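What follows is entry_12.cif (mmCIF, C-alpha atoms and all ligand atoms).
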```cif
data_model
#
loop_
_atom_site.label_atom_id
_atom_site.label_comp_id
_atom_site.auth_asym_id
_atom_site.auth_seq_id
_atom_site.Cartn_x
_atom_site.Cartn_y
_atom_site.Cartn_z
CA MET C 18 1.87 17.36 -0.32
CA ALA C 19 1.73 13.62 0.19
CA ILE C 20 -0.82 11.24 -1.27
CA VAL C 21 -2.94 9.98 1.63
CA ALA C 22 -4.13 6.37 1.39
CA PRO C 23 -6.25 5.31 4.35
CA SER C 24 -6.27 1.56 4.96
CA LEU C 25 -9.78 0.15 5.29
CA LEU C 26 -8.37 -2.73 7.36
CA ALA C 27 -8.90 -0.50 10.40
CA ALA C 28 -12.55 0.23 9.53
CA ASP C 29 -15.57 -1.36 11.19
CA PHE C 30 -16.52 -4.02 8.63
CA LEU C 31 -20.16 -3.97 9.67
CA LYS C 32 -20.14 -0.34 8.59
CA LEU C 33 -17.95 -0.64 5.55
CA GLU C 34 -20.27 1.45 3.38
CA GLN C 35 -20.13 4.32 5.88
CA ALA C 36 -16.35 4.08 5.96
CA CYS C 37 -16.22 4.31 2.15
CA THR C 38 -18.60 7.27 2.12
CA MET C 39 -16.46 9.01 4.72
CA LEU C 40 -13.34 8.46 2.58
CA ASN C 41 -15.15 9.70 -0.53
CA GLU C 42 -16.16 12.89 1.26
CA SER C 43 -12.68 13.36 2.72
CA GLU C 44 -9.44 14.62 1.18
CA ALA C 45 -8.11 11.04 0.97
CA ASP C 46 -6.51 10.38 -2.41
CA TRP C 47 -6.46 6.60 -2.52
CA PHE C 48 -8.21 3.65 -0.90
CA HIS C 49 -5.57 1.24 0.47
CA LEU C 50 -6.90 -2.34 0.49
CA ASP C 51 -4.94 -4.99 2.42
CA VAL C 52 -5.34 -8.57 1.21
CA MET C 53 -3.89 -11.23 3.58
CA ASP C 54 -3.83 -14.99 3.10
CA GLY C 55 -2.82 -16.44 6.48
CA ARG C 56 0.24 -17.94 4.79
CA PHE C 57 2.58 -15.14 3.75
CA VAL C 58 1.36 -13.24 6.82
CA PRO C 59 -0.17 -14.68 10.00
CA ASN C 60 -3.58 -13.14 9.44
CA ILE C 61 -6.49 -13.36 6.98
CA SER C 62 -8.33 -10.23 5.86
CA PHE C 63 -10.38 -10.13 2.66
CA GLY C 64 -10.06 -10.83 -1.04
CA PRO C 65 -11.34 -9.79 -4.48
CA MET C 66 -15.03 -10.19 -3.57
CA ILE C 67 -14.83 -7.44 -0.95
CA ILE C 68 -12.68 -5.29 -3.24
CA GLN C 69 -15.46 -5.49 -5.82
CA PHE C 70 -18.00 -4.14 -3.30
CA ILE C 71 -15.66 -1.36 -2.22
CA ARG C 72 -14.94 -0.47 -5.86
CA LYS C 73 -18.66 0.17 -6.45
CA THR C 74 -18.69 2.85 -3.75
CA THR C 75 -15.87 4.99 -5.11
CA LYS C 76 -14.19 6.63 -8.08
CA LYS C 77 -10.99 7.10 -6.09
CA PHE C 78 -7.81 5.15 -6.92
CA CYS C 79 -7.88 1.64 -5.44
CA ASP C 80 -4.43 0.66 -4.22
CA VAL C 81 -4.42 -3.08 -3.48
CA HIS C 82 -1.65 -4.48 -1.25
CA LEU C 83 -1.34 -8.23 -1.68
CA MET C 84 0.25 -9.89 1.35
CA ILE C 85 -0.14 -13.33 -0.19
CA LEU C 86 1.91 -16.16 -1.66
CA GLU C 87 1.52 -16.83 -5.39
CA PRO C 88 -0.09 -13.47 -6.17
CA GLU C 89 -0.15 -14.39 -9.88
CA LYS C 90 -3.10 -16.71 -9.10
CA TYR C 91 -5.26 -13.73 -8.10
CA THR C 92 -3.95 -10.96 -10.35
CA GLU C 93 -6.71 -11.22 -12.94
CA GLN C 94 -9.42 -11.48 -10.28
CA CYS C 95 -8.10 -8.32 -8.65
CA LYS C 96 -8.23 -6.53 -12.00
CA GLU C 97 -11.83 -7.67 -12.53
CA ALA C 98 -12.68 -6.55 -8.99
CA GLY C 99 -11.51 -3.06 -9.93
CA ALA C 100 -7.97 -2.65 -8.60
CA ASP C 101 -6.10 0.30 -10.12
CA GLN C 102 -2.75 -0.71 -8.67
CA LEU C 103 -1.49 -4.05 -7.42
CA THR C 104 1.44 -4.35 -5.03
CA VAL C 105 3.14 -7.69 -4.45
CA HIS C 106 5.81 -8.60 -1.91
CA ILE C 107 9.37 -9.19 -3.09
CA GLU C 108 9.65 -11.91 -0.41
CA ALA C 109 6.67 -13.80 -1.87
CA CYS C 110 7.73 -13.71 -5.53
CA PRO C 111 10.56 -15.89 -6.87
CA HIS C 112 9.56 -14.64 -10.35
CA LEU C 113 8.94 -11.03 -9.47
CA HIS C 114 9.62 -9.64 -12.93
CA ARG C 115 7.06 -11.99 -14.44
CA ASN C 116 4.50 -10.97 -11.80
CA ILE C 117 5.08 -7.30 -12.62
CA GLN C 118 4.70 -7.93 -16.34
CA LEU C 119 1.40 -9.70 -15.72
CA ILE C 120 0.05 -6.85 -13.59
CA LYS C 121 1.00 -4.29 -16.24
CA SER C 122 -0.33 -6.37 -19.11
CA LEU C 123 -3.74 -6.20 -17.45
CA GLY C 124 -3.57 -2.40 -17.39
CA MET C 125 -2.89 -1.89 -13.69
CA LYS C 126 -0.09 0.04 -12.05
CA ALA C 127 2.47 -2.23 -10.39
CA GLY C 128 4.04 -1.94 -6.97
CA VAL C 129 6.60 -3.94 -5.00
CA ALA C 130 6.50 -4.12 -1.19
CA ILE C 131 9.50 -4.89 1.01
CA ASN C 132 9.43 -6.09 4.60
CA PRO C 133 11.40 -4.29 7.34
CA HIS C 134 14.38 -6.67 7.07
CA THR C 135 14.61 -6.56 3.27
CA PRO C 136 17.32 -4.19 2.03
CA VAL C 137 16.43 -1.32 -0.29
CA ASN C 138 19.13 -2.42 -2.73
CA SER C 139 17.22 -5.65 -3.43
CA LEU C 140 14.99 -3.42 -5.59
CA ILE C 141 17.78 -2.30 -7.92
CA ASP C 142 16.91 -4.65 -10.78
CA ILE C 143 13.15 -4.09 -10.67
CA LEU C 144 12.92 -0.36 -9.97
CA GLN C 145 12.83 0.57 -13.67
CA ASP C 146 9.78 -1.64 -14.20
CA ILE C 147 7.47 -0.49 -11.43
CA ASP C 148 5.30 2.45 -10.43
CA LEU C 149 5.61 2.23 -6.66
CA VAL C 150 7.65 0.79 -3.80
CA CYS C 151 5.72 0.03 -0.63
CA LEU C 152 8.20 0.27 2.23
CA MET C 153 6.79 -1.67 5.16
CA SER C 154 7.47 0.20 8.37
CA VAL C 155 5.94 -2.62 10.47
CA ASN C 156 5.91 -6.37 9.92
CA PRO C 157 2.94 -6.97 7.63
CA GLY C 158 -0.13 -8.78 8.91
CA PHE C 159 -1.74 -6.45 11.42
CA GLY C 160 -2.77 -2.86 11.84
CA ALA C 161 -2.08 -0.72 14.91
CA GLN C 162 1.61 -1.59 15.28
CA GLN C 163 4.46 0.75 16.18
CA PHE C 164 6.44 2.42 13.36
CA ILE C 165 9.95 0.91 13.14
CA PRO C 166 12.32 3.93 13.36
CA HIS C 167 14.96 2.37 11.04
CA SER C 168 12.40 2.75 8.23
CA LEU C 169 13.32 6.44 7.98
CA SER C 170 16.85 5.68 6.77
CA LYS C 171 15.42 3.16 4.28
CA ILE C 172 13.12 5.87 2.89
CA ARG C 173 16.11 8.23 2.49
CA GLU C 174 18.18 5.54 0.78
CA LEU C 175 15.37 4.70 -1.66
CA ARG C 176 14.68 8.38 -2.36
CA LYS C 177 18.34 8.83 -3.37
CA LEU C 178 18.23 5.81 -5.65
CA ILE C 179 15.03 6.93 -7.39
CA ASP C 180 16.24 10.52 -7.78
CA ASN C 181 19.70 9.50 -9.04
CA TRP C 182 18.10 7.45 -11.77
CA ASN C 183 15.37 10.01 -12.34
CA LEU C 184 12.62 7.38 -12.13
CA PRO C 185 8.89 8.14 -11.74
CA VAL C 186 8.56 5.60 -8.90
CA LYS C 187 6.51 6.58 -5.85
CA ILE C 188 7.56 5.70 -2.32
CA GLU C 189 4.68 4.49 -0.17
CA VAL C 190 5.17 4.02 3.57
CA ASP C 191 2.89 1.49 5.24
CA GLY C 192 2.54 0.76 8.95
CA GLY C 193 2.40 2.82 12.11
CA VAL C 194 2.05 6.17 10.32
CA SER C 195 0.74 8.79 12.76
CA LEU C 196 0.22 12.54 12.93
CA GLU C 197 3.40 12.65 15.05
CA ASN C 198 5.75 10.84 12.65
CA ALA C 199 4.19 11.68 9.25
CA GLY C 200 6.19 14.93 8.94
CA ASP C 201 9.50 13.06 9.34
CA ILE C 202 8.33 10.37 6.90
CA ILE C 203 7.56 12.99 4.24
CA ALA C 204 10.84 14.83 4.94
CA ALA C 205 12.71 11.54 4.42
CA GLY C 206 11.20 11.33 0.92
CA ALA C 207 7.88 9.48 1.05
CA ASP C 208 5.20 10.25 -1.58
CA VAL C 209 2.34 8.14 -0.20
CA LEU C 210 1.23 7.72 3.41
CA VAL C 211 -0.85 4.67 4.30
CA ALA C 212 -2.76 5.19 7.53
CA GLY C 213 -5.13 2.72 9.13
CA ASN C 214 -5.66 3.23 12.83
CA THR C 215 -4.53 6.84 12.80
CA VAL C 216 -7.49 7.63 10.55
CA PHE C 217 -10.19 5.18 11.59
CA LYS C 218 -9.65 5.24 15.34
CA SER C 219 -9.51 9.02 15.54
CA ALA C 220 -12.46 11.03 16.85
CA ASP C 221 -12.81 12.81 13.51
CA PRO C 222 -11.38 10.71 10.64
CA LYS C 223 -12.03 13.36 7.98
CA ALA C 224 -10.21 16.00 10.01
CA THR C 225 -7.31 13.59 10.60
CA ILE C 226 -7.04 12.99 6.84
CA ALA C 227 -7.09 16.75 6.28
CA GLN C 228 -4.28 17.13 8.83
CA LEU C 229 -2.18 14.50 7.06
CA LYS C 230 -2.74 16.37 3.78
CA LYS C 231 -1.51 19.61 5.34
CA LEU C 232 1.90 18.21 6.38
C1 LIG H 301 -0.16 -3.98 7.60
C2 LIG H 301 -0.96 -3.41 6.47
C3 LIG H 301 -1.21 -1.96 6.64
C4 LIG H 301 -2.04 -1.65 7.85
C5 LIG H 301 -1.65 -0.30 8.36
O1 LIG H 301 0.10 -5.31 7.37
O2 LIG H 301 -0.28 -3.57 5.24
O3 LIG H 301 -1.71 -1.33 5.49
O4 LIG H 301 -3.41 -1.67 7.60
O5 LIG H 301 -2.32 -0.07 9.54
P1 LIG H 301 -1.79 1.00 10.58
O6 LIG H 301 -1.76 2.31 9.89
O7 LIG H 301 -2.79 0.94 11.68
O8 LIG H 301 -0.41 0.57 11.02
ZN ZN H 302 -0.94 -2.26 3.47
#
```

Take the structure in the file and give it back as structure tokens.
Ligand code: DX5
Ligand code: ZN
Amino acid sequence: MAIVAPSLLAADFLKLEQACTMLNESEADWFHLDVMDGRFVPNISFGPMIIQFIRKTTKKFCDVHLMILEPEKYTEQCKEAGADQLTVHIEACPHLHRNIQLIKSLGMKAGVAINPHTPVNSLIDILQDIDLVCLMSVNPGFGAQQFIPHSLSKIRELRKLIDNWNLPVKIEVDGGVSLENAGDIIAAGADVLVAGNTVFKSADPKATIAQLKKL
């Protein structure tokens, strides 16, 4: 059974409290929170202040995905806002290992995200130090995009690597996850499904989450 992490990016922000209550009452395991800076990605979403409000509504695990340059500048603020896990992009971090050490020193779990064009083997020298890989199955920046089919072979390749080395690293798949493709994504080796529009734009979000949990 996969961990289901709905992305609040797809929620109605005027009704954010209702969206959080819905997730709390649902079978969702994690809250996935997408932070965008308009520099690393061509869109701006929200930052630590909003995370702090969301944190107050829930006891569930807050999985924060930083799509920003210089994430080290905001790492401590994210911790104070209540992040349980912080994921940074390999493409945004010339000193990735240092960023990971900082995240862990503050008591958070650490993740590394890779864009669709970034090879899985670029993770080889960081895999031992992290808790999660976020495999982007769309180009980061926007919700409601189409799943890139090549992502499936990247999931399989990463699964092999993690299993060969017997590492406790989770594979999270982010972007374009739907009820139609989630089965294949899990079969390829994913542990965590991020789902934005599939959950929030469905007629019955709680039932959709339950369906994702059943796969
Ligand atoms: C994309 C974000 C995703 C996004 C997923 O840049 O990292 O987490 O919210 O949204 P969907 O599931 O709609 O593709
Ligand atoms: Zn995300």

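For the pair atom CA of C:Ala227 and atom CA of C:Asn41, the interatomic distance is 12.7 Å.
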
Put the listed atoms of ligand LIG 301 (chain H) in a box along x, y and z with 3 Å added on every side and give me the centre and edge lengths in Å to one decimal, as AutoDock Vina command-line options.
```
--center_x -1.7 --center_y -1.5 --center_z 8.5 --size_x 9.5 --size_y 13.6 --size_z 12.4
```

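Each of C:Glu34, C:Asp51, C:Asp180, C:Asp29 was checked against ligand LIG 301 (chain H) using all atoms listed in the file; the smallest atom-to-atom distance is that of C:Asp51.
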
**Request:** Throw together the list of residues within 12 Å of ligand ZN 302 (chain H), counting only C-alpha atoms and all ligand atoms, and drop it here as a PyMOL selection string.
**Result:** chain C and resi 22-27+48-53+58+62+79-85+103-106+128-132+150-161+189-194+209-214

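Atom pair atom CA of C:Ile147 / atom CA of C:Val186: separated by 6.7 Å.
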
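Between atom CA of C:Asp46 and atom CA of C:Leu229 lies a distance of 11.2 Å.
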
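Closest to ligand LIG 301 (chain H) among C:Glu42, C:Asp54, C:Glu89, C:Asp148 is C:Asp54, based on only C-alpha atoms and all ligand atoms.
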
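Proximity ranking of C:Phe63, C:Phe78, C:Phe217, C:Phe57 relative to C:Gln102 places C:Phe78 first, based on only C-alpha atoms.
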
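Shortest atom-to-atom contact with ligand LIG 301 (chain H) among C:Gln35, C:Thr135, C:Asn60, C:Asn116: C:Asn60, counting only C-alpha atoms and all ligand atoms.
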
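Nearest residue to ligand LIG 301 (chain H), choosing from C:Lys73, C:Arg173, C:Lys218, C:Arg56 and counting all atoms listed in the file: C:Lys218.
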
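For the residues C:Ile68, C:Ser195, C:Leu149, C:Asn183, ranking by smallest atom-to-atom distance to ligand LIG 301 (chain H) using all atoms listed in the file places C:Ser195 first.
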
**Request:** For C:Leu178, work out the shell of residues within 12 Å, counting all atoms listed in the file and skipping chain neighbours fewer than 4 positions away, then give it as a PyMOL selection string.
**Result:** chain C and resi 137-142+144-145+150+171-174+182-188+206

Dump of C-alpha atoms for the selected residues, as a short mmCIF file (atom, residue, chain, number, x, y, z; two decimals), in the frame of the given file:
```
data_model
loop_
_atom_site.label_atom_id
_atom_site.label_comp_id
_atom_site.auth_asym_id
_atom_site.auth_seq_id
_atom_site.Cartn_x
_atom_site.Cartn_y
_atom_site.Cartn_z
CA VAL C 137 16.43 -1.32 -0.29
CA ASN C 138 19.13 -2.42 -2.73
CA SER C 139 17.22 -5.65 -3.43
CA LEU C 140 14.99 -3.42 -5.59
CA ILE C 141 17.78 -2.30 -7.92
CA ASP C 142 16.91 -4.65 -10.78
CA LEU C 144 12.92 -0.36 -9.97
CA GLN C 145 12.83 0.57 -13.67
CA VAL C 150 7.65 0.79 -3.80
CA LYS C 171 15.42 3.16 4.28
CA ILE C 172 13.12 5.87 2.89
CA ARG C 173 16.11 8.23 2.49
CA GLU C 174 18.18 5.54 0.78
CA TRP C 182 18.10 7.45 -11.77
CA ASN C 183 15.37 10.01 -12.34
CA LEU C 184 12.62 7.38 -12.13
CA PRO C 185 8.89 8.14 -11.74
CA VAL C 186 8.56 5.60 -8.90
CA LYS C 187 6.51 6.58 -5.85
CA ILE C 188 7.56 5.70 -2.32
CA GLY C 206 11.20 11.33 0.92
#
```

Tell me which protein, DNA and RNA residues are within 10 Å of C:Ile226, counting all atoms listed in the file, leaving out same-chain ones fewer than 2 positions away, and put them as a compact mmCIF listing (two decimals) with C-alpha atoms, in the frame of the given file.
```txt
# COMPACT_ATOMS: atom_id res chain seq x y z
CA VAL C 21 -2.94 9.98 1.63
CA ALA C 22 -4.13 6.37 1.39
CA PRO C 23 -6.25 5.31 4.35
CA LEU C 40 -13.34 8.46 2.58
CA SER C 43 -12.68 13.36 2.72
CA GLU C 44 -9.44 14.62 1.18
CA ALA C 45 -8.11 11.04 0.97
CA ASP C 46 -6.51 10.38 -2.41
CA LEU C 196 0.22 12.54 12.93
CA ALA C 212 -2.76 5.19 7.53
CA THR C 215 -4.53 6.84 12.80
CA VAL C 216 -7.49 7.63 10.55
CA PHE C 217 -10.19 5.18 11.59
CA SER C 219 -9.51 9.02 15.54
CA ASP C 221 -12.81 12.81 13.51
CA PRO C 222 -11.38 10.71 10.64
CA LYS C 223 -12.03 13.36 7.98
CA ALA C 224 -10.21 16.00 10.01
CA GLN C 228 -4.28 17.13 8.83
CA LEU C 229 -2.18 14.50 7.06
CA LYS C 230 -2.74 16.37 3.78
CA LYS C 231 -1.51 19.61 5.34
```
